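Chemist: So here's input_34.txt, just compact mmCIF, C-alpha atoms:
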```txt
# COMPACT_ATOMS: atom_id res chain seq x y z
CA MET S 1 -16.93 80.32 59.58
CA ASP S 2 -15.07 83.66 59.81
CA ILE S 3 -11.63 84.41 58.42
CA PHE S 4 -9.83 83.69 61.71
CA SER S 5 -11.47 80.28 62.03
CA ARG S 6 -10.37 79.44 58.51
CA LEU S 7 -6.80 80.42 59.28
CA THR S 8 -6.70 77.93 62.14
CA LEU S 9 -7.25 75.14 59.62
CA PHE S 10 -3.60 75.53 58.58
CA SER S 11 -0.71 74.23 60.65
CA TYR S 12 2.45 76.05 61.61
CA ALA S 13 4.25 73.97 59.00
CA ASP S 14 1.85 75.32 56.36
CA TYR S 15 2.54 78.91 57.39
CA SER S 16 6.29 78.28 57.42
CA ALA S 17 6.21 76.71 53.97
CA PHE S 18 4.08 79.53 52.58
CA GLY S 19 6.37 82.15 54.12
CA LEU S 20 9.42 80.43 52.67
CA LEU S 21 7.80 80.39 49.22
CA LEU S 22 7.21 84.14 49.29
CA LEU S 23 10.62 84.86 50.80
CA LEU S 24 12.51 82.87 48.18
CA TRP S 25 10.46 84.45 45.39
CA PHE S 26 11.37 87.92 46.63
CA VAL S 27 15.01 87.19 47.49
CA ILE S 28 15.97 85.43 44.26
CA GLY S 29 14.22 88.12 42.22
CA TRP S 30 16.03 90.91 44.06
CA ARG S 31 19.38 89.12 43.82
CA ILE S 32 19.02 88.54 40.08
CA GLU S 33 18.20 92.19 39.44
CA HIS S 34 20.74 93.57 41.96
CA PRO S 35 23.77 91.26 41.81
CA SER S 36 27.23 92.13 42.99
CA THR S 37 29.53 93.82 40.49
CA LYS S 38 31.88 90.84 40.54
CA HIS S 39 29.19 88.22 39.95
CA ALA S 40 26.62 89.62 37.54
CA SER S 41 23.52 87.65 36.62
CA VAL S 42 22.60 86.62 33.09
CA SER S 43 19.76 89.16 33.14
CA VAL S 44 22.13 92.02 33.98
CA LEU S 45 24.67 90.88 31.39
CA MET S 46 21.95 90.73 28.74
CA ALA S 47 20.80 94.23 29.69
CA GLY S 48 24.26 95.46 28.69
CA TYR S 49 23.96 93.70 25.33
CA ARG S 50 20.52 95.24 24.81
CA ARG S 51 21.98 98.71 25.27
CA GLU S 52 24.77 97.88 22.83
CA TRP S 53 22.16 96.57 20.39
CA MET S 54 20.48 99.98 20.29
CA GLN S 55 23.84 101.64 19.68
CA GLN S 56 24.63 99.31 16.79
CA MET S 57 21.16 99.90 15.37
CA ILE S 58 22.02 103.56 14.70
CA THR S 59 24.36 102.74 11.83
CA ARG S 60 22.46 99.70 10.52
CA ASP S 61 20.65 100.45 7.28
CA PRO S 62 18.06 99.17 6.69
CA ARG S 63 16.87 98.24 10.18
CA ILE S 64 14.81 95.26 9.12
CA TYR S 65 16.99 92.93 11.20
CA ASP S 66 16.28 94.94 14.36
CA ALA S 67 12.56 94.99 13.64
CA THR S 68 12.58 91.21 13.17
CA ILE S 69 14.30 90.64 16.51
CA LEU S 70 11.87 92.92 18.30
CA GLY S 71 8.94 91.19 16.62
CA ASN S 72 10.20 87.83 17.88
CA LEU S 73 10.48 89.24 21.41
CA ARG S 74 6.88 90.46 21.26
CA GLN S 75 5.71 87.07 20.01
CA GLY S 76 7.39 85.43 23.00
CA THR S 77 5.65 87.70 25.48
CA ALA S 78 2.32 87.22 23.70
CA PHE S 79 2.72 83.44 23.83
CA PHE S 80 3.40 83.39 27.57
CA ALA S 81 0.59 85.87 28.22
CA SER S 82 -1.83 83.59 26.36
CA ALA S 83 -0.54 80.54 28.24
CA SER S 84 -0.96 82.37 31.55
CA MET S 85 -4.52 83.32 30.62
CA ILE S 86 -5.32 79.67 29.91
CA SER S 87 -3.75 78.69 33.24
CA ILE S 88 -5.86 81.26 35.06
CA GLY S 89 -8.96 79.76 33.49
CA GLY S 90 -7.84 76.28 34.48
CA VAL S 91 -7.28 77.23 38.11
CA LEU S 92 -10.61 79.04 38.28
CA ALA S 93 -12.30 75.95 36.86
CA LEU S 94 -10.88 73.90 39.72
CA PHE S 95 -12.70 76.11 42.24
CA GLY S 96 -16.00 74.86 40.89
CA ASN S 97 -14.95 71.22 40.73
CA THR S 98 -12.59 70.41 43.57
CA GLU S 99 -13.90 66.95 44.45
CA GLN S 100 -11.51 65.01 42.22
CA LEU S 101 -8.59 67.25 43.19
CA ILE S 102 -9.36 66.83 46.87
CA GLY S 103 -9.51 63.07 46.45
CA ILE S 104 -6.04 62.97 44.92
CA ALA S 105 -4.62 65.41 47.48
CA ASP S 106 -6.13 63.44 50.37
CA ASP S 107 -4.47 60.28 49.08
CA LEU S 108 -1.12 62.07 48.98
CA THR S 109 -1.35 63.74 52.38
CA LEU S 110 -3.49 61.15 54.20
CA ASN S 111 -5.50 64.07 55.60
CA SER S 112 -9.12 65.07 55.16
CA ASP S 113 -9.26 68.86 55.07
CA PRO S 114 -12.35 70.94 54.24
CA ASN S 115 -12.77 72.42 50.77
CA ILE S 116 -11.77 75.91 51.92
CA VAL S 117 -8.22 74.69 52.65
CA TRP S 118 -7.70 73.45 49.10
CA GLU S 119 -9.32 76.55 47.65
CA LEU S 120 -6.99 78.83 49.59
CA LYS S 121 -4.00 76.81 48.40
CA LEU S 122 -5.21 77.15 44.83
CA MET S 123 -5.52 80.90 45.36
CA VAL S 124 -1.75 81.05 45.93
CA THR S 125 -1.16 79.42 42.56
CA LEU S 126 -3.73 81.76 41.03
CA PHE S 127 -1.86 84.74 42.47
CA PHE S 128 1.43 83.75 40.85
CA VAL S 129 -0.17 82.94 37.49
CA THR S 130 -2.10 86.22 37.48
CA ASN S 131 1.03 88.16 38.36
CA ALA S 132 2.84 86.42 35.50
CA PHE S 133 0.04 87.34 33.09
CA LEU S 134 0.20 91.01 34.07
CA LYS S 135 4.00 91.06 33.71
CA PHE S 136 3.89 89.45 30.27
CA VAL S 137 1.19 91.83 29.02
CA TRP S 138 3.10 94.88 30.24
CA SER S 139 6.35 93.53 28.78
CA ASN S 140 4.65 93.08 25.44
CA ARG S 141 3.45 96.66 25.50
CA LEU S 142 6.88 97.98 26.46
CA PHE S 143 8.44 96.16 23.53
CA GLY S 144 5.86 97.98 21.41
CA TYR S 145 6.98 101.29 22.90
CA CYS S 146 10.56 100.28 22.13
CA ALA S 147 9.63 99.70 18.49
CA VAL S 148 8.21 103.22 18.25
CA LEU S 149 11.31 104.74 19.83
CA MET S 150 13.56 102.76 17.50
CA SER S 151 11.63 104.14 14.55
CA ALA S 152 12.15 107.66 15.90
CA VAL S 153 15.95 107.30 15.98
CA PRO S 154 17.41 109.38 13.11
CA ASN S 155 19.63 107.66 10.54
CA ASP S 156 22.12 110.51 10.73
CA VAL S 157 24.79 109.66 13.30
CA ASP S 158 25.65 113.34 13.70
CA ASP S 159 22.09 114.30 14.57
CA PRO S 160 22.06 115.37 18.25
CA ARG S 161 18.82 113.43 18.77
CA THR S 162 20.23 110.11 17.57
CA MET S 163 22.10 108.79 20.61
CA PRO S 164 19.63 110.05 23.27
CA ARG S 165 16.71 108.40 21.48
CA ALA S 166 18.66 105.21 20.97
CA MET S 167 19.40 105.12 24.70
CA GLN S 168 15.73 105.75 25.46
CA ALA S 169 14.85 102.77 23.30
CA ALA S 170 17.52 100.73 25.08
CA GLU S 171 16.16 101.49 28.54
CA ILE S 172 12.60 100.67 27.47
CA ASN S 173 13.92 97.43 26.00
CA VAL S 174 15.72 96.58 29.24
CA THR S 175 12.60 97.39 31.28
CA ALA S 176 10.48 95.17 29.03
CA ALA S 177 12.94 92.31 29.44
CA ARG S 178 12.91 92.79 33.21
CA GLY S 179 9.13 92.47 33.24
CA PHE S 180 9.33 89.36 31.08
CA ASN S 181 11.85 87.76 33.46
CA ARG S 182 9.66 88.60 36.44
CA GLY S 183 6.76 86.93 34.70
CA LEU S 184 8.84 83.81 34.14
CA ARG S 185 9.83 83.71 37.81
CA SER S 186 6.16 83.94 38.77
CA VAL S 187 5.46 80.97 36.51
CA TYR S 188 8.25 78.98 38.18
CA PHE S 189 7.02 79.72 41.70
CA GLY S 190 3.41 79.21 40.62
CA LEU S 191 4.35 75.67 39.64
CA ALA S 192 6.14 75.27 42.96
CA SER S 193 3.08 76.49 44.88
CA ALA S 194 1.02 73.65 43.39
CA ALA S 195 3.14 71.27 45.48
CA TRP S 196 1.34 72.62 48.56
CA LEU S 197 -1.54 70.35 47.63
CA ALA S 198 0.72 67.48 48.69
CA GLY S 199 1.52 69.13 52.02
CA PRO S 200 3.88 71.73 53.51
CA ILE S 201 7.00 69.56 53.19
CA ALA S 202 6.38 69.19 49.47
CA LEU S 203 5.98 72.96 49.18
CA ILE S 204 9.25 73.60 51.00
CA VAL S 205 11.13 71.16 48.76
CA ALA S 206 9.56 72.57 45.60
CA SER S 207 10.36 76.15 46.65
CA LEU S 208 14.00 75.33 47.37
CA ILE S 209 14.42 73.45 44.10
CA THR S 210 12.83 76.31 42.14
CA CYS S 211 15.11 78.85 43.79
CA LEU S 212 18.15 76.65 43.11
CA VAL S 213 17.21 76.26 39.44
CA LEU S 214 16.81 80.03 39.03
CA TRP S 215 20.09 80.72 40.81
CA ARG S 216 21.96 78.22 38.64
CA ARG S 217 20.56 79.61 35.39
CA GLU S 218 21.44 83.17 36.34
CA PHE S 219 24.76 82.70 38.12
CA ALA S 220 26.25 79.30 37.25
CA SER S 221 25.03 78.38 33.77
CA ARG S 222 26.91 77.73 30.57
CA SER S 223 25.10 80.65 28.92
CA ARG S 224 26.53 83.01 31.55
CA ASP S 225 30.03 81.72 30.84
CA VAL S 226 29.52 82.42 27.16
CA LEU S 227 28.38 85.98 27.83
CA LEU S 228 31.35 86.63 30.08
CA SER S 229 33.79 85.14 27.58
CA GLY S 230 32.42 87.55 25.00
CA ASP S 231 33.13 90.48 27.33
CA ALA S 232 36.67 89.19 27.92
CA HIS S 233 37.26 88.82 24.20
CA ASP S 234 36.06 92.38 23.54
CA ALA S 235 38.34 93.66 26.27
```
Go ahead and render the structure in this file as structure tokens.
Modeler:
Amino acid sequence: MDIFSRLTLFSYADYSAFGLLLLLWFVIGWRIEHPSTKHASVSVLMAGYRREWMQQMITRDPRIYDATILGNLRQGTAFFASASMISIGGVLALFGNTEQLIGIADDLTLNSDPNIVWELKLMVTLFFVTNAFLKFVWSNRLFGYCAVLMSAVPNDVDDPRTMPRAMQAAEINVTAARGFNRGLRSVYFGLASAAWLAGPIALIVASLITCLVLWRREFASRSRDVLLSGDAHDA
């Protein structure tokens, strides 16, 4: 069976659901990272606090507190990277033992599809989990770069190198956080893609719910209100 014959095993509803999954993943990610100026996302608001953190670090002596925070951030990325690695192994294990999975999926969908259909659906989940793993690993490394840059910031406020290096550390910190958030979104949509095993309708519902959850946490959550109230108080 060639690749074109395998593609015919999926219905138009399957292709629509899969397209919607990818579209929502791209759109919500772009919107979170490029919000309007009047309705900033939590990620963008936190990026501002990260830059302010590096400015405050200049006059903090000793900088043990900053090192502790950065160490906790690296531990978080390492944890999710390890969890993603385990998930990758779990998905790969299913490729060699799909009989039980197919039995459950057939009971849910009342269809009897060949193994290649379920394997291709699992590959979508594998894609998201692998992408998450790569994002978490890179984020972890960027936080390491940030630690080096923070160590290179002079203690003397009047040193002309102080502020530029602090801002370099801030931008690396923001970039690391962006990669971490992208990894989390891949985890969310990876979980949503598993609903495809129950059929295209289940995938559509799971994709919409996942997108709604991400939108609420970034644009309509209590944490966002707190961040904005802090800005208003400072003003």
Chemist: Between S:Ala169, S:Val157, S:Ala132, S:Arg224, which is the closest to Val44 in chain S once you count all atoms listed in the file?
Modeler: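 Of S:Ala169, S:Val157, S:Ala132, S:Arg224, the one nearest Val44 in chain S, counting all atoms listed in the file, is S:Arg224.
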Chemist: Return the single residue from S:Leu227, S:Leu122, S:Cys146, S:Leu21 that is closest to Gly90 in chain S, with distances computed using all atoms listed in the file.
Modeler: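 Smallest distance to Gly90 in chain S is found for S:Leu122.
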Chemist: In terms of the shortest atom-to-atom distance over all atoms listed in the file, which of S:Ile32, S:Met54, S:Leu228, S:Leu120 is closest to Leu70 in chain S?
Modeler: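 Checking each of S:Ile32, S:Met54, S:Leu228, S:Leu120 against Leu70 in chain S, counting all atoms listed in the file, the winner is S:Met54.
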Chemist: Given only C-alpha atoms as the basis, pick out the residue of S:Arg182, S:Val226, S:Ala192, S:Ser221 nearest to Leu208 in chain S.
Modeler: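 Selected residue with least distance to Leu208 in chain S: S:Ala192.
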Chemist: At what distance in Å, to one decimal, does CA of Leu24 in chain S lie from CA of Leu212 in chain S?
Modeler: 9.8 Å
Chemist: Using all atoms listed in the file for the distances, tell me which of S:Val187, S:Val129, S:Ala177, S:Val205 is nearest to Gly48 in chain S.
Modeler: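 So, comparing all the options, the nearest one is S:Ala177.
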Chemist: Find the residues around Leu73 in chain S up to 12 Å (only C-alpha atoms counted), leave out those fewer than 2 positions away in its own chain, and share them as a VMD selection string.
Modeler: chain S and resid 66 to 71 75 to 80 136 139 to 144 146 to 147 173 to 174 176 to 177 180
Chemist: Would you kindly return, as a list in words, each protein, DNA or RNA residue with an atom no farther than 12 Å from any atom of range 148-151 of chain S, considering all atoms listed in the file and excluding same-chain residues fewer than 6 positions away?
Modeler: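 The residues that qualify are Trp53, Met54, Gln55, Gln56, Met57, Ile58, Arg60, Pro62, Arg63, Ile64, Asp66, Ala67, Leu70, Arg141, Leu142, Arg161, Thr162, Met163, Pro164, Arg165, Ala166, Met167, Gln168, Ala169, Ala170, Glu171, Ile172 and Asn173 of chain S.
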Chemist: Since we have the selection now, will you write its residues out, keeping C-alpha atoms, as a PDB file, in the coordinates of the input?
Modeler:
```
ATOM      1  CA  TRP S  53      22.160  96.570  20.390  1.00  0.00           C
ATOM      2  CA  MET S  54      20.480  99.980  20.290  1.00  0.00           C
ATOM      3  CA  GLN S  55      23.840 101.640  19.680  1.00  0.00           C
ATOM      4  CA  GLN S  56      24.630  99.310  16.790  1.00  0.00           C
ATOM      5  CA  MET S  57      21.160  99.900  15.370  1.00  0.00           C
ATOM      6  CA  ILE S  58      22.020 103.560  14.700  1.00  0.00           C
ATOM      7  CA  ARG S  60      22.460  99.700  10.520  1.00  0.00           C
ATOM      8  CA  PRO S  62      18.060  99.170   6.690  1.00  0.00           C
ATOM      9  CA  ARG S  63      16.870  98.240  10.180  1.00  0.00           C
ATOM     10  CA  ILE S  64      14.810  95.260   9.120  1.00  0.00           C
ATOM     11  CA  ASP S  66      16.280  94.940  14.360  1.00  0.00           C
ATOM     12  CA  ALA S  67      12.560  94.990  13.640  1.00  0.00           C
ATOM     13  CA  LEU S  70      11.870  92.920  18.300  1.00  0.00           C
ATOM     14  CA  ARG S 141       3.450  96.660  25.500  1.00  0.00           C
ATOM     15  CA  LEU S 142       6.880  97.980  26.460  1.00  0.00           C
ATOM     16  CA  ARG S 161      18.820 113.430  18.770  1.00  0.00           C
ATOM     17  CA  THR S 162      20.230 110.110  17.570  1.00  0.00           C
ATOM     18  CA  MET S 163      22.100 108.790  20.610  1.00  0.00           C
ATOM     19  CA  PRO S 164      19.630 110.050  23.270  1.00  0.00           C
ATOM     20  CA  ARG S 165      16.710 108.400  21.480  1.00  0.00           C
ATOM     21  CA  ALA S 166      18.660 105.210  20.970  1.00  0.00           C
ATOM     22  CA  MET S 167      19.400 105.120  24.700  1.00  0.00           C
ATOM     23  CA  GLN S 168      15.730 105.750  25.460  1.00  0.00           C
ATOM     24  CA  ALA S 169      14.850 102.770  23.300  1.00  0.00           C
ATOM     25  CA  ALA S 170      17.520 100.730  25.080  1.00  0.00           C
ATOM     26  CA  GLU S 171      16.160 101.490  28.540  1.00  0.00           C
ATOM     27  CA  ILE S 172      12.600 100.670  27.470  1.00  0.00           C
ATOM     28  CA  ASN S 173      13.920  97.430  26.000  1.00  0.00           C
TER      29      ASN S 173
END
```
Chemist: Please provide the set of residues having any atom within 12 Å of Glu33 in chain S, restricted to only C-alpha atoms, with same-chain residues fewer than 2 positions apart removed, written as a list of chain:residue names.
Modeler: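 Returned residues: S:Phe26, S:Val27, S:Ile28, S:Gly29, S:Trp30, S:Arg31, S:Pro35, S:Ser36, S:Thr37, S:His39, S:Ala40, S:Ser41, S:Val42, S:Ser43, S:Val44, S:Leu45, S:Met46, S:Ala47, S:Val174, S:Thr175, S:Ala177, S:Arg178, S:Gly179, S:Asn181, S:Arg182, S:Trp215, S:Glu218, S:Phe219.
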Chemist: Which one of S:Ser229, S:Ser223, S:Asn72, S:Ser16 sits closest to Ile201 in chain S if you count only C-alpha atoms?
Modeler: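 Smallest separation from Ile201 in chain S among the options: S:Ser16.
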